[in-house]
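Here's the structure, in structure tokens; my notes come after.
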Amino acid sequence: AQSVAQPEDQVNVAEGNPLTVKCTYSVSGNPYLFWYVQYPNRGLQFLLKYITGDNLVKGSYGFEAEFNKSQTSFHLKKPSALVSDSALYFCAVRSRGFKTIFGAGTRLFVKA
Amino acid sequence: KAGVTQTPRYLIKTRGQQVTLSCSPISGHRSVSWYQQTPGQGLQFLFEYFSETQRNKGNFPGRFSGRQFSNSRSEMNVSTLELGDSALYLCASRGSPGPEAFFGQGTRLTVV
């Protein structure tokens with residue numbers, strides 16, 4: 001069975017510092033990997049995806065993610081955090097069988 | 001290009017009633033998925049439709065059903081509502097070529 005794990009419920013970082021939100025997955029084959037962000041009372045917004053190719057993918061709002069096949073990880077990163085980055089972040093994996101599974105979410109809090 | 005539109009945004013129903021939620025995907029998108037989001041369970045996959053056919057289903061009871069019309073609009077129905085059905089219901093659409101999903105703002109259902 002496929003699964004996605006986000007080991008941290010919350011990540012706290014000071015504005016201007018780099019941030020990392022962790023994600024590991026378990027799925028057979030070569031999945032698609034995604035990061036989404038959710039602001040209060042809103043739907044999810046797509047940030048970035050990994051399909052194939054370069055292990056470092058860049059997305060919206062200065063975010064990037066690093067795919068590591070051997071560690072089955074897809075960590076979200078940003079070199080310099082902003083207060084406005086504070087939100088709920090979801091990692092997701094989509095198998096070739098069309099089902100997308102989301103992690104439990106990690107709340108990012110950026111302090112000014 | 002208009003985004004994914006979900007109606008209504010908010011809904012209050014009484015236990016035992018039924019409810020129908022609507023989702024209009026991005027123009028040209030033929031795939032529509034539904035998710036239930038609750039604080040305790042996170043994002044749970046309900047079902048996915050493509051060209052009017054359900055091609056994947058999550059682990060929800062038969063009270064939860066859906067359908068997709070020829071114009072790709074989708075509806076989700078929940079019968080015999082229970083208090084535990086209170087949640088944010090999210091709809092997402094996909095189009096070619098990307099596998100990423102684009103979410104609506106959701107329908108907040110409260111069962112009293």
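Scheme for the structure tokens: letters A, B, ... for chains in order shown; per-chain residue numbers from 1; ligand numbers from 1 in order shown.
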
Practice problem: Tell me which protein, DNA and RNA residues are within 9 Å of Val112 of chain B, counting only C-alpha atoms, leaving out same-chain ones fewer than 2 positions away, and put them as a list of chain:residue names. | Solution: B:Ile12, B:Lys13, B:Thr14, B:Arg15, B:Glu82, B:Leu83, B:Ser86, B:Thr110

Output the selection as a PDB file, in the first residue's frame - C-alpha atoms for each residue.
```pdb
ATOM      1  CA  ILE B  12     -25.419  23.423   7.595  1.00  0.00           C
ATOM      2  CA  LYS B  13     -27.474  20.232   7.613  1.00  0.00           C
ATOM      3  CA  THR B  14     -29.263  18.169  10.199  1.00  0.00           C
ATOM      4  CA  ARG B  15     -28.282  14.619  11.016  1.00  0.00           C
ATOM      5  CA  GLU B  82     -23.867  11.824  10.472  1.00  0.00           C
ATOM      6  CA  LEU B  83     -22.193  14.273  12.820  1.00  0.00           C
ATOM      7  CA  SER B  86     -18.772  17.532   9.221  1.00  0.00           C
ATOM      8  CA  THR B 110     -21.522  21.224   9.242  1.00  0.00           C
TER       9      THR B 110
END
```

Practice problem: Kindly determine which residues of chain B lie within 6 Å of chain A, considering only C-alpha atoms, and give the answer as a PyMOL selection string. | Solution: chain B and resi 42+103-106

Practice problem: Any chance you could list, as a ChimeraX atom specification, the residues in segment 6-95 of chain B that come up strand (DSSP E) when DSSP is run on the backbone? | Solution: /B:6-7,10-13,19-24,31-38,42-50,53-57,64-68,74-78,87-94
